[in-house]
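Data block for target-v1.txt (compact mmCIF, C-alpha atoms and all ligand atoms):
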```
# COMPACT_ATOMS: atom_id res chain seq x y z
CA MET A 263 17.66 24.82 -4.27
CA GLN A 264 19.29 22.70 -1.57
CA GLN A 265 21.36 19.53 -1.39
CA VAL A 266 20.27 16.52 0.67
CA GLN A 267 21.12 12.83 1.04
CA ALA A 268 18.86 10.35 -0.77
CA VAL A 269 18.60 6.74 -1.89
CA VAL A 270 18.79 6.36 -5.66
CA ALA A 271 18.59 3.37 -8.01
CA LYS A 272 20.90 4.40 -10.86
CA ALA A 273 20.67 1.33 -13.09
CA LYS A 274 18.52 -1.77 -13.53
CA GLY A 275 19.26 -4.39 -10.89
CA ALA A 276 22.21 -2.49 -9.38
CA PRO A 277 22.23 -2.00 -5.59
CA VAL A 278 20.78 1.31 -4.47
CA GLU A 279 23.18 4.11 -3.50
CA LEU A 280 23.07 6.88 -0.91
CA VAL A 281 23.93 10.02 -2.88
CA THR A 282 23.51 13.80 -2.80
CA ILE A 283 20.58 15.25 -4.74
CA ASN A 284 19.37 18.74 -5.56
CA VAL A 285 15.90 19.66 -4.27
CA PRO A 286 14.47 22.81 -5.92
CA ASP A 287 12.62 25.41 -3.89
CA PRO A 288 8.87 24.84 -4.23
CA GLY A 289 7.20 26.53 -7.18
CA PRO A 290 3.47 27.05 -7.75
CA GLY A 291 1.46 24.09 -6.46
CA GLU A 292 4.50 22.45 -4.84
CA ALA A 293 5.83 21.73 -1.35
CA VAL A 294 9.18 20.67 0.09
CA VAL A 295 8.77 18.12 2.87
CA LYS A 296 11.36 17.23 5.50
CA VAL A 297 10.91 13.45 5.57
CA GLN A 298 10.67 11.84 9.01
CA ALA A 299 9.91 8.23 8.08
CA CYS A 300 9.51 6.13 4.95
CA GLY A 301 8.59 2.44 4.71
CA VAL A 302 10.36 0.01 2.37
CA CYS A 303 7.74 -1.39 -0.03
CA HIS A 304 7.95 -4.11 -2.71
CA THR A 305 7.21 -1.47 -5.31
CA ASP A 306 10.56 0.21 -4.53
CA LEU A 307 12.28 -3.08 -5.24
CA HIS A 308 10.26 -3.45 -8.47
CA TYR A 309 11.52 -0.01 -9.55
CA ARG A 310 15.11 -0.99 -8.81
CA GLU A 311 14.69 -4.20 -10.82
CA GLY A 312 13.32 -2.30 -13.82
CA GLY A 313 9.90 -3.91 -13.34
CA ILE A 314 7.92 -0.64 -13.46
CA ASN A 315 9.64 1.24 -16.29
CA ASP A 316 13.11 2.20 -17.51
CA ASP A 317 13.18 5.81 -16.34
CA PHE A 318 16.39 5.43 -14.31
CA PRO A 319 17.71 6.93 -12.10
CA PHE A 320 14.88 6.49 -9.61
CA LEU A 321 14.59 8.30 -6.31
CA LEU A 322 13.03 5.51 -4.25
CA GLY A 323 10.66 5.57 -1.25
CA HIS A 324 6.95 6.41 -1.19
CA GLU A 325 5.32 5.39 2.14
CA ALA A 326 6.24 8.46 4.07
CA SER A 327 5.42 11.11 6.61
CA GLY A 328 7.18 14.35 7.42
CA ILE A 329 6.97 18.06 8.13
CA VAL A 330 6.22 20.60 5.44
CA GLU A 331 9.26 22.87 5.21
CA ALA A 332 8.21 25.30 2.48
CA VAL A 333 5.35 25.73 0.02
CA GLY A 334 4.99 27.45 -3.34
CA PRO A 335 3.47 30.94 -3.60
CA ASP A 336 -0.13 29.88 -4.32
CA VAL A 337 -0.36 26.91 -1.93
CA THR A 338 -3.09 27.15 0.72
CA SER A 339 -3.90 23.48 1.47
CA VAL A 340 -0.82 22.99 3.69
CA ALA A 341 1.64 25.30 5.43
CA PRO A 342 5.20 25.05 6.77
CA GLY A 343 5.23 23.10 10.02
CA ASP A 344 2.30 20.84 9.14
CA PHE A 345 2.80 17.12 9.83
CA VAL A 346 1.72 15.29 6.69
CA ILE A 347 1.45 11.84 5.14
CA LEU A 348 2.48 11.76 1.49
CA ASN A 349 0.05 10.23 -1.01
CA TRP A 350 0.08 9.19 -4.63
CA ARG A 351 -3.49 10.26 -5.24
CA ALA A 352 -3.40 14.06 -5.30
CA VAL A 353 -6.80 14.32 -6.91
CA CYS A 354 -6.91 16.42 -10.06
CA GLY A 355 -10.42 17.85 -9.75
CA GLU A 356 -10.84 17.70 -13.51
CA CYS A 357 -11.05 14.08 -14.68
CA ARG A 358 -14.30 12.19 -15.15
CA ALA A 359 -14.16 10.56 -11.70
CA CYS A 360 -13.56 13.90 -10.00
CA GLY A 361 -16.27 15.51 -12.13
CA ARG A 362 -18.89 13.02 -11.08
CA GLY A 363 -17.97 13.45 -7.41
CA GLU A 364 -15.97 10.24 -6.96
CA PRO A 365 -12.41 11.51 -6.46
CA GLN A 366 -11.47 8.22 -4.79
CA TYR A 367 -11.32 6.85 -8.36
CA CYS A 368 -9.11 9.67 -9.70
CA PHE A 369 -6.24 8.08 -11.64
CA ASN A 370 -4.85 11.46 -12.69
CA THR A 371 -2.67 12.31 -9.70
CA HIS A 372 -0.66 15.53 -9.56
CA ASN A 373 3.10 15.45 -8.97
CA ALA A 374 5.66 18.22 -8.61
CA THR A 375 6.36 20.06 -11.87
CA GLN A 376 10.05 20.76 -11.20
CA LYS A 377 12.56 17.92 -11.16
CA MET A 378 14.94 16.85 -8.43
CA THR A 379 18.38 16.02 -9.87
CA LEU A 380 21.59 14.19 -8.99
CA SER A 381 24.27 16.44 -7.52
CA GLY A 382 27.95 15.90 -8.33
CA GLY A 383 29.71 12.93 -9.91
CA ASP A 384 29.54 11.89 -13.55
CA MET A 385 25.71 12.06 -13.61
CA ASP A 386 25.56 15.59 -12.14
CA GLY A 387 22.30 17.31 -13.07
CA THR A 388 20.53 14.13 -14.26
CA GLU A 389 16.79 14.33 -13.56
CA LEU A 390 15.46 11.82 -11.05
CA SER A 391 12.21 9.84 -11.38
CA PRO A 392 10.65 9.79 -7.91
CA ALA A 393 8.93 6.48 -7.07
CA LEU A 394 5.15 6.97 -7.42
CA GLY A 395 5.88 10.68 -7.80
CA ILE A 396 7.09 10.86 -4.19
CA GLY A 397 10.74 9.82 -3.68
CA ALA A 398 10.99 9.87 0.10
CA PHE A 399 14.12 7.90 0.98
CA ALA A 400 15.56 11.39 1.21
CA GLU A 401 16.12 13.96 3.89
CA LYS A 402 13.80 16.24 1.92
CA THR A 403 11.62 15.77 -1.14
CA LEU A 404 9.69 17.99 -3.54
CA VAL A 405 6.06 16.99 -4.16
CA ALA A 406 2.80 18.52 -5.35
CA ALA A 407 1.05 20.19 -2.43
CA GLY A 408 -1.96 17.89 -3.02
CA GLN A 409 0.28 14.93 -2.21
CA CYS A 410 0.50 16.18 1.39
CA THR A 411 -2.33 15.25 3.73
CA LYS A 412 -2.20 16.98 7.12
CA VAL A 413 -2.80 14.66 10.10
CA ASP A 414 -2.49 14.74 13.90
CA ALA A 415 1.09 15.82 14.66
CA ASP A 416 1.30 13.64 17.77
CA ALA A 417 1.23 10.41 15.77
CA ARG A 418 4.39 8.30 15.41
CA PRO A 419 5.86 9.12 11.97
CA ALA A 420 7.10 5.57 11.21
CA ALA A 421 3.66 4.08 11.88
CA VAL A 422 1.36 6.56 10.17
CA GLY A 423 3.64 7.03 7.16
CA LEU A 424 2.72 3.48 6.17
CA LEU A 425 -0.79 4.69 5.42
CA GLY A 426 0.78 6.34 2.38
CA CYS A 427 0.79 3.08 0.42
CA GLY A 428 0.58 -0.60 1.38
CA VAL A 429 -1.36 -0.36 4.62
CA MET A 430 -3.93 1.96 3.05
CA ALA A 431 -4.18 -0.37 0.05
CA GLY A 432 -5.01 -3.29 2.35
CA ILE A 433 -7.40 -1.47 4.67
CA GLY A 434 -9.10 0.16 1.69
CA ALA A 435 -9.40 -3.16 -0.18
CA ALA A 436 -11.48 -4.52 2.70
CA ILE A 437 -13.46 -1.42 3.66
CA ASN A 438 -13.65 0.83 0.59
CA THR A 439 -13.60 -1.66 -2.28
CA GLY A 440 -15.02 -4.72 -0.54
CA GLY A 441 -17.50 -2.71 1.54
CA ILE A 442 -16.94 -5.02 4.50
CA THR A 443 -19.03 -4.29 7.60
CA ARG A 444 -20.27 -5.84 10.83
CA GLY A 445 -22.32 -8.96 10.09
CA ARG A 446 -20.20 -9.91 7.06
CA SER A 447 -17.51 -12.54 6.61
CA ILE A 448 -14.17 -12.02 4.92
CA ALA A 449 -11.21 -14.12 3.83
CA VAL A 450 -7.85 -12.61 2.95
CA ILE A 451 -5.53 -14.67 0.74
CA GLY A 452 -1.90 -13.65 1.20
CA CYS A 453 -0.90 -12.09 4.51
CA GLY A 454 2.07 -9.87 3.72
CA GLY A 455 1.89 -6.20 4.65
CA VAL A 456 -1.06 -5.57 2.35
CA GLY A 457 -3.07 -8.65 3.32
CA VAL A 458 -2.53 -8.14 7.04
CA ALA A 459 -3.71 -4.55 6.60
CA ALA A 460 -6.88 -5.92 4.98
CA VAL A 461 -7.30 -8.11 8.07
CA ALA A 462 -6.85 -5.03 10.30
CA GLY A 463 -9.41 -3.13 8.21
CA ALA A 464 -11.90 -5.96 8.47
CA ALA A 465 -11.42 -6.09 12.25
CA LEU A 466 -11.95 -2.34 12.44
CA ALA A 467 -15.19 -2.70 10.48
CA GLY A 468 -16.42 -5.45 12.82
CA ALA A 469 -16.41 -8.29 10.27
CA SER A 470 -16.60 -11.90 11.47
CA PRO A 471 -15.22 -14.40 10.74
CA ILE A 472 -11.96 -12.91 9.45
CA ILE A 473 -10.11 -15.76 7.78
CA ALA A 474 -6.40 -15.30 6.99
CA VAL A 475 -4.91 -17.58 4.33
CA ASP A 476 -1.21 -17.98 3.58
CA ILE A 477 1.35 -20.66 2.77
CA ASP A 478 3.70 -19.35 5.47
CA ALA A 479 2.88 -20.15 9.11
CA LYS A 480 4.72 -17.03 10.36
CA LYS A 481 2.44 -14.81 8.28
CA LEU A 482 -0.59 -16.52 9.74
CA GLU A 483 0.65 -15.79 13.26
CA GLN A 484 1.02 -12.10 12.37
CA ALA A 485 -2.46 -12.05 10.87
CA LYS A 486 -3.91 -13.59 14.02
CA ALA A 487 -2.18 -11.01 16.22
CA ILE A 488 -3.73 -8.24 14.12
CA GLY A 489 -7.32 -9.49 14.15
CA ALA A 490 -7.83 -12.69 12.14
CA THR A 491 -10.34 -14.98 13.84
CA HIS A 492 -9.24 -18.05 11.84
CA THR A 493 -6.13 -19.00 9.90
CA VAL A 494 -5.76 -21.40 6.99
CA ASP A 495 -2.41 -22.77 5.82
CA SER A 496 -3.11 -23.26 2.12
CA SER A 497 0.11 -25.22 1.63
CA LYS A 498 -1.53 -27.95 3.74
CA VAL A 499 -5.30 -27.77 3.14
CA ASP A 500 -7.63 -26.66 0.34
CA PRO A 501 -8.35 -23.03 1.23
CA VAL A 502 -11.63 -22.92 -0.69
CA GLU A 503 -13.16 -25.81 1.26
CA GLU A 504 -11.78 -24.50 4.53
CA ILE A 505 -13.14 -20.98 4.01
CA LYS A 506 -16.57 -22.42 3.13
CA ARG A 507 -16.56 -24.63 6.21
CA ILE A 508 -15.60 -21.80 8.57
CA CYS A 509 -18.17 -19.39 7.13
CA ALA A 510 -20.95 -21.98 7.34
CA GLU A 511 -20.17 -22.41 11.05
CA THR A 512 -21.07 -18.77 11.66
CA TYR A 513 -23.71 -18.34 8.99
CA PRO A 514 -25.53 -21.64 8.33
CA GLY A 515 -26.03 -22.09 4.61
CA ALA A 516 -23.15 -19.80 3.65
CA GLU A 517 -21.21 -21.10 0.67
CA GLY A 518 -18.13 -19.02 1.32
CA ALA A 519 -17.12 -15.56 2.51
CA ASP A 520 -19.02 -12.39 1.64
CA VAL A 521 -15.76 -10.77 0.60
CA VAL A 522 -12.51 -12.45 -0.42
CA VAL A 523 -9.47 -10.19 -0.74
CA GLU A 524 -6.71 -11.51 -2.99
CA ALA A 525 -3.46 -9.93 -1.74
CA VAL A 526 -0.93 -12.07 -3.59
CA GLY A 527 -1.50 -11.06 -7.20
CA ARG A 528 -1.50 -14.46 -8.94
CA PRO A 529 -4.04 -16.30 -11.13
CA GLU A 530 -4.16 -19.39 -8.86
CA THR A 531 -4.97 -17.41 -5.75
CA TRP A 532 -7.46 -15.22 -7.62
CA LYS A 533 -9.20 -18.43 -8.68
CA GLN A 534 -9.30 -19.56 -5.05
CA ALA A 535 -10.83 -16.20 -4.15
CA PHE A 536 -13.43 -16.60 -6.90
CA TYR A 537 -14.63 -19.98 -5.59
CA ALA A 538 -14.24 -19.22 -1.87
CA ARG A 539 -16.81 -16.44 -2.15
CA ASP A 540 -20.42 -16.90 -1.10
CA LEU A 541 -23.15 -16.54 -3.72
CA ALA A 542 -23.44 -12.85 -4.63
CA GLY A 543 -20.13 -12.24 -2.84
CA THR A 544 -17.29 -9.98 -3.84
CA VAL A 545 -13.72 -10.70 -4.92
CA VAL A 546 -11.26 -7.86 -4.41
CA LEU A 547 -7.92 -8.09 -6.20
CA VAL A 548 -5.35 -5.89 -4.43
CA GLY A 549 -2.23 -7.98 -5.09
CA VAL A 550 -0.39 -6.71 -8.16
CA PRO A 551 0.01 -9.28 -10.97
CA THR A 552 2.93 -9.20 -13.42
CA PRO A 553 2.11 -8.23 -17.05
CA ASP A 554 2.40 -11.82 -18.32
CA MET A 555 -0.30 -13.20 -16.01
CA LYS A 556 -3.75 -14.07 -17.38
CA LEU A 557 -7.17 -14.53 -15.82
CA PRO A 558 -7.49 -18.19 -14.83
CA GLU A 559 -9.79 -20.35 -16.94
CA ILE A 560 -13.18 -20.32 -15.27
CA PRO A 561 -16.41 -21.44 -16.96
CA LEU A 562 -18.35 -18.29 -17.80
CA ILE A 563 -21.45 -19.94 -16.41
CA ASP A 564 -19.77 -19.91 -12.98
CA VAL A 565 -19.24 -16.16 -13.27
CA PHE A 566 -22.88 -15.70 -14.18
CA GLY A 567 -24.36 -18.37 -11.93
CA ARG A 568 -22.69 -17.24 -8.71
CA GLY A 569 -23.61 -13.57 -9.11
CA GLY A 570 -21.79 -10.91 -7.12
CA SER A 571 -18.89 -8.81 -8.22
CA LEU A 572 -15.26 -9.12 -9.20
CA LYS A 573 -13.37 -5.96 -8.35
CA SER A 574 -9.86 -4.66 -8.20
CA SER A 575 -8.63 -2.16 -5.66
CA TRP A 576 -6.25 0.55 -6.80
CA TYR A 577 -4.61 2.20 -3.74
CA GLY A 578 -7.50 0.81 -1.69
CA ASP A 579 -9.87 3.19 -3.51
CA CYS A 580 -8.71 5.68 -0.92
CA LEU A 581 -9.28 9.39 -0.80
CA PRO A 582 -6.28 10.59 1.24
CA SER A 583 -7.99 13.74 2.55
CA ARG A 584 -10.90 11.63 3.83
CA ASP A 585 -9.15 8.43 4.91
CA PHE A 586 -5.73 9.41 6.33
CA PRO A 587 -6.90 11.74 9.15
CA MET A 588 -9.67 9.28 10.09
CA LEU A 589 -7.28 6.31 10.27
CA VAL A 590 -4.69 8.32 12.20
CA ASP A 591 -7.39 9.20 14.74
CA LEU A 592 -8.31 5.52 15.11
CA TYR A 593 -4.62 4.73 15.57
CA ARG A 594 -4.29 7.43 18.24
CA GLN A 595 -7.33 5.99 20.03
CA GLY A 596 -5.75 2.53 20.07
CA ARG A 597 -8.31 1.03 17.68
CA LEU A 598 -5.94 0.46 14.74
CA ASP A 599 -2.53 -0.97 15.60
CA LEU A 600 -0.29 0.63 12.98
CA ASP A 601 2.74 0.03 15.24
CA ALA A 602 2.34 -3.69 14.56
CA PHE A 603 3.30 -3.07 10.92
CA VAL A 604 6.65 -1.52 11.85
CA THR A 605 8.93 -4.53 12.22
CA GLU A 606 12.09 -2.43 12.44
CA GLU A 607 13.29 1.15 12.18
CA ILE A 608 16.39 1.49 10.02
CA GLY A 609 18.74 4.22 8.79
CA ILE A 610 18.66 5.77 5.33
CA GLY A 611 21.75 3.76 4.39
CA ASP A 612 20.07 0.44 5.13
CA VAL A 613 17.53 0.21 2.28
CA GLU A 614 19.45 -2.36 0.23
CA ALA A 615 19.76 -4.64 3.27
CA ALA A 616 16.02 -4.20 3.90
CA PHE A 617 15.30 -5.37 0.33
CA ASP A 618 17.24 -8.57 1.11
CA ARG A 619 15.21 -9.15 4.27
CA MET A 620 11.89 -8.80 2.41
CA HIS A 621 12.27 -12.32 1.05
CA GLY A 622 12.80 -13.88 4.47
CA GLY A 623 9.17 -13.55 5.50
CA ASP A 624 9.90 -12.07 8.94
CA VAL A 625 9.38 -8.44 8.04
CA LEU A 626 6.06 -6.68 7.55
CA ARG A 627 7.75 -3.33 7.06
CA SER A 628 11.24 -1.95 7.54
CA VAL A 629 10.88 1.80 8.01
CA VAL A 630 13.64 4.31 7.35
CA VAL A 631 13.59 6.89 10.12
CA LEU A 632 15.35 10.22 9.63
N1 LIG B 701 -1.24 -18.67 -1.37
C1 LIG B 701 -1.36 -17.90 -0.27
N2 LIG B 701 -0.45 -16.98 0.07
C2 LIG B 701 0.60 -16.81 -0.72
C3 LIG B 701 0.79 -17.58 -1.90
C4 LIG B 701 -0.19 -18.55 -2.20
N3 LIG B 701 -0.09 -19.32 -3.28
N4 LIG B 701 1.95 -17.17 -2.47
C5 LIG B 701 2.47 -16.21 -1.70
N5 LIG B 701 1.66 -15.99 -0.64
C6 LIG B 701 1.82 -15.06 0.45
C7 LIG B 701 3.24 -14.90 0.93
O1 LIG B 701 3.60 -15.93 1.85
C8 LIG B 701 3.20 -13.54 1.60
O2 LIG B 701 2.83 -13.62 2.95
O3 LIG B 701 1.46 -13.77 -0.01
C9 LIG B 701 2.10 -12.81 0.82
C10 LIG B 701 2.62 -11.69 -0.05
O4 LIG B 701 3.11 -10.75 0.79
P1 LIG B 701 4.33 -9.80 0.48
O5 LIG B 701 5.26 -10.47 -0.48
O6 LIG B 701 4.84 -9.28 1.77
O7 LIG B 701 3.63 -8.62 -0.34
P2 LIG B 701 2.76 -7.38 0.16
O8 LIG B 701 3.63 -6.23 0.49
O9 LIG B 701 1.75 -7.78 1.16
O10 LIG B 701 2.01 -7.06 -1.20
C11 LIG B 701 1.08 -7.97 -1.71
O11 LIG B 701 0.40 -6.41 -3.35
O12 LIG B 701 1.54 -4.43 -3.48
C12 LIG B 701 1.34 -5.66 -4.07
O13 LIG B 701 3.35 -6.20 -5.27
C13 LIG B 701 2.61 -6.45 -4.10
O14 LIG B 701 1.62 -8.23 -5.31
C14 LIG B 701 2.08 -7.84 -4.04
C15 LIG B 701 0.85 -7.72 -3.14
ZN ZN B 702 -9.33 13.46 -11.04
ZN ZN B 703 4.13 0.89 -1.76
```

Mind turning this structure into structure tokens?
Amino acid sequence: MQQVQAVVAKAKGAPVELVTINVPDPGPGEAVVKVQACGVCHTDLHYREGGINDDFPFLLGHEASGIVEAVGPDVTSVAPGDFVILNWRAVCGECRACGRGEPQYCFNTHNATQKMTLSGGDMDGTELSPALGIGAFAEKTLVAAGQCTKVDADARPAAVGLLGCGVMAGIGAAINTGGITRGRSIAVIGCGGVGVAAVAGAALAGASPIIAVDIDAKKLEQAKAIGATHTVDSSKVDPVEEIKRICAETYPGAEGADVVVEAVGRPETWKQAFYARDLAGTVVLVGVPTPDMKLPEIPLIDVFGRGGSLKSSWYGDCLPSRDFPMLVDLYRQGRLDLDAFVTEEIGIGDVEAAFDRMHGGDVLRSVVVL
């Protein structure tokens, strides 16, 4: 057991605190990772606001990279000294998806068995709930060994750590779930960190046109810098008509985009995605709705008559062991600009301030660097 500094949300809505926590030595199937970088994601804020569940106190942070410090006795997949990206899909090998050879759909991720706890103060010894089973706003964290994916050690930790969550979700929504390729058109509605990553994924796959849609002009600029061929300000024009018009310019007769990624997580924008899609096209929902939201009212005949598929993308349908090393290689070759997602590097004490800046619209990702 060792003591380290970490960012904890002790109670619903209260500002996060930098405190001392106890990190157990790794047991069977576990690894202790010395965290080098961890991005600040909306999901961390949702945890702090009690929007995920009530299992306070939470150890926040989950888009991280670092160096394996120690592994449990039976661990062979990673070794001390390995540079790894942490994932929240440590495939189980036993569920139905794994059994039929589709581990990218495993929902049964493994986490560490032992608990990290608060050290000192009136909550001494209280078990922590690590965000997405990771908890990486910490100098060190305890995870399941399967949550560590070894990648090229020369990569910049702050940039590649982002593949651990939002950036992978976006890239995967376009490539894995949407199946976007060269010769296909795509529109992405909502160009925050996730949507812009979908744009980057589409560019990587050679899609054209790549149409970025947002209500915020600054977001559209970012999307353009990262590979969008067209931008649509949906606070000013009807995005459905505009997407159809742009796609028909490239592919005469097209009635929309082959793939429309919805990266906002709202019924209105999902409805736009539904109608902005070409016949037999695909909608990919990667934005996360709140529990009260309902499917928008759409005549069932439109669902039938337009064909195609309506999908959702959970963690970009990624398989970390397959996708992380490949994307890190593309980053190292200069073909995937992960640096563009790092708006600022901050200290471990600056997470609360980074939450405040999320609402301003200027930040794709603040990344805690240790
Ligand atoms: N039409 C188009 N764009 C919109 C609309 C709208 N009606 N409403 C909001 N947006 C844009 C915002 O301007 C912003 O650029 O959607 C984007 C959302 O981005 P972020 O808030 O930065 O969220 P992000 O991290 O990209 O995550 C997107 O996925 O992980 C989930 O909870 C997350 O639901 C969220 C989604
Ligand atoms: Zn499984
Ligand atoms: Zn996240």

### Message
I'd like to know which of A:Ala602, A:Ala341, A:Ile488, A:Ala407 is closest to His372 of chain A, using all atoms listed in the file.
### Response
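Of all the options, A:Ala407 lies closest to His372 of chain A.
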
List as a tab-separated table every residue of chain A that is in contact with ligand ZN 703 (chain B), defined as an atom at most 10 Å from one of its atoms (using all atoms listed in the file), together with the nearest atom pair and the distance in Å rounded to one decimal, sorted by chain and then rising number.
```
residue	atom	partner	partner_atom	distance
A:Gly301	CA	B:ZN703	ZN	8.0
A:Val302	CA	B:ZN703	ZN	7.5
A:Cys303	CA	B:ZN703	ZN	4.6
A:His304	CA	B:ZN703	ZN	6.4
A:Thr305	CA	B:ZN703	ZN	5.3
A:Asp306	CA	B:ZN703	ZN	7.0
A:Leu307	CA	B:ZN703	ZN	9.7
A:Gly323	CA	B:ZN703	ZN	8.1
A:His324	CA	B:ZN703	ZN	6.2
A:Glu325	CA	B:ZN703	ZN	6.1
A:Ala326	CA	B:ZN703	ZN	9.8
A:Trp350	CA	B:ZN703	ZN	9.7
A:Ala393	CA	B:ZN703	ZN	9.1
A:Leu394	CA	B:ZN703	ZN	8.4
A:Leu424	CA	B:ZN703	ZN	8.5
A:Leu425	CA	B:ZN703	ZN	9.5
A:Gly426	CA	B:ZN703	ZN	7.6
A:Cys427	CA	B:ZN703	ZN	4.6
A:Gly428	CA	B:ZN703	ZN	5.0
A:Val429	CA	B:ZN703	ZN	8.5
A:Met430	CA	B:ZN703	ZN	9.4
A:Ala431	CA	B:ZN703	ZN	8.6
A:Gly455	CA	B:ZN703	ZN	9.8
A:Val456	CA	B:ZN703	ZN	9.2
A:Tyr577	CA	B:ZN703	ZN	9.1
```

### A:Val353, A:Val475, A:Val269, A:Ala535 ranked by distance to ligand ZN 702 (chain B), top pick (using only C-alpha atoms and all ligand atoms)
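Looking at the shortest contact to ligand ZN 702 (chain B), the residue is A:Val353.
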
### Task
Skip segment 521-532 of chain A itself and residues of its chain fewer than 3 positions away, then list as a ChimeraX atom specification all residues within 6 Å of it, counting only C-alpha atoms.
/A:448-452,457,535,543-551,557-558

Expected selection as a short mmCIF file (atom, residue, chain, number, x, y, z; two decimals) with C-alpha atoms, in the coordinates of the input for ligand ZN 702 (chain B) within 7 Å, all atoms listed in the file:
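Now in selection11.cif:
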```cif
data_model
loop_
_atom_site.label_atom_id
_atom_site.label_comp_id
_atom_site.auth_asym_id
_atom_site.auth_seq_id
_atom_site.Cartn_x
_atom_site.Cartn_y
_atom_site.Cartn_z
CA VAL A 353 -6.80 14.32 -6.91
CA CYS A 354 -6.91 16.42 -10.06
CA GLY A 355 -10.42 17.85 -9.75
CA GLU A 356 -10.84 17.70 -13.51
CA CYS A 357 -11.05 14.08 -14.68
CA ARG A 358 -14.30 12.19 -15.15
CA ALA A 359 -14.16 10.56 -11.70
CA CYS A 360 -13.56 13.90 -10.00
CA PRO A 365 -12.41 11.51 -6.46
CA CYS A 368 -9.11 9.67 -9.70
CA PHE A 369 -6.24 8.08 -11.64
CA ASN A 370 -4.85 11.46 -12.69
CA THR A 371 -2.67 12.31 -9.70
#
```

#### Entry: Long-range neighbours of Ala398 of chain A as a ChimeraX atom specification, 10 Å cut-off, all atoms listed in the file, 2 positions minimum in chain
/A:268-269,295-301,321-328,348,392-396,400-405,630

### Task
Identify which of the residues A:Ala374, A:Leu482, A:Leu541, A:Ile329 lies closest to Asp564 of chain A, counting only C-alpha atoms when measuring atom-to-atom distances.
A:Leu541

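Minimum distance to ligand LIG 701 (chain B) across A:Cys410, A:Cys453, A:Met555, A:Val266 (counting all atoms listed in the file) occurs at A:Cys453.
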
### Task
Compare A:Arg539, A:His308, A:Lys377, A:Arg597 by their minimum atom-to-atom distance to ligand LIG 701 (chain B), counting all atoms listed in the file, and give me the closest one.
A:His308

### Query
Out of A:Leu632, A:Asn373, A:Thr282, A:Asp317, which residue has the shortest atom-to-atom distance to Gly609 of chain A when counting all atoms listed in the file?
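Nearest candidate to Gly609 of chain A out of A:Leu632, A:Asn373, A:Thr282, A:Asp317: A:Leu632.
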
### Message
For a test of reading the model, state the distance in Å between atom CA of Gly611 of chain A and atom CA of Gly623 of chain A, rounded to one decimal.
### Response
21.4 Å

### Query
Please, what distance in Å, to one decimal, runs between atom O7 of ligand LIG 701 (chain B) and atom CA of Ser496 of chain A?
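Result for atom O7 of ligand LIG 701 (chain B) versus atom CA of Ser496 of chain A: 16.3 Å, one decimal.
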
### Query
Do you have the atom CA of Val565 of chain A-atom CA of Val458 of chain A distance handy?
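About the pair atom CA of Val565 of chain A and atom CA of Val458 of chain A: they are 27.5 Å apart.
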
Return segment 531-541 of chain A, completed with N, CA and C atoms, as a PDB file, keeping the file's coordinate frame.
```
ATOM      1  N   THR A 531      -4.339 -17.882  -6.981  1.00  0.00           N
ATOM      2  CA  THR A 531      -4.970 -17.410  -5.750  1.00  0.00           C
ATOM      3  C   THR A 531      -6.222 -16.588  -6.059  1.00  0.00           C
ATOM      4  N   TRP A 532      -6.229 -15.933  -7.211  1.00  0.00           N
ATOM      5  CA  TRP A 532      -7.460 -15.220  -7.620  1.00  0.00           C
ATOM      6  C   TRP A 532      -8.567 -16.243  -7.855  1.00  0.00           C
ATOM      7  N   LYS A 533      -8.209 -17.384  -8.440  1.00  0.00           N
ATOM      8  CA  LYS A 533      -9.200 -18.430  -8.680  1.00  0.00           C
ATOM      9  C   LYS A 533      -9.733 -18.982  -7.353  1.00  0.00           C
ATOM     10  N   GLN A 534      -8.839 -19.132  -6.384  1.00  0.00           N
ATOM     11  CA  GLN A 534      -9.300 -19.560  -5.050  1.00  0.00           C
ATOM     12  C   GLN A 534     -10.283 -18.529  -4.499  1.00  0.00           C
ATOM     13  N   ALA A 535      -9.947 -17.266  -4.650  1.00  0.00           N
ATOM     14  CA  ALA A 535     -10.830 -16.200  -4.150  1.00  0.00           C
ATOM     15  C   ALA A 535     -12.190 -16.285  -4.828  1.00  0.00           C
ATOM     16  N   PHE A 536     -12.186 -16.523  -6.126  1.00  0.00           N
ATOM     17  CA  PHE A 536     -13.430 -16.600  -6.900  1.00  0.00           C
ATOM     18  C   PHE A 536     -14.359 -17.686  -6.329  1.00  0.00           C
ATOM     19  N   TYR A 537     -13.785 -18.858  -6.043  1.00  0.00           N
ATOM     20  CA  TYR A 537     -14.630 -19.980  -5.590  1.00  0.00           C
ATOM     21  C   TYR A 537     -14.854 -20.008  -4.085  1.00  0.00           C
ATOM     22  N   ALA A 538     -14.066 -19.225  -3.335  1.00  0.00           N
ATOM     23  CA  ALA A 538     -14.240 -19.220  -1.870  1.00  0.00           C
ATOM     24  C   ALA A 538     -15.281 -18.195  -1.442  1.00  0.00           C
ATOM     25  N   ARG A 539     -15.883 -17.542  -2.398  1.00  0.00           N
ATOM     26  CA  ARG A 539     -16.810 -16.440  -2.150  1.00  0.00           C
ATOM     27  C   ARG A 539     -18.225 -16.986  -2.097  1.00  0.00           C
ATOM     28  N   ASP A 540     -19.020 -16.481  -1.185  1.00  0.00           N
ATOM     29  CA  ASP A 540     -20.420 -16.900  -1.100  1.00  0.00           C
ATOM     30  C   ASP A 540     -21.158 -16.435  -2.364  1.00  0.00           C
ATOM     31  N   LEU A 541     -22.315 -16.995  -2.616  1.00  0.00           N
ATOM     32  CA  LEU A 541     -23.150 -16.540  -3.720  1.00  0.00           C
ATOM     33  C   LEU A 541     -23.376 -15.033  -3.550  1.00  0.00           C
TER      34      LEU A 541
END
```
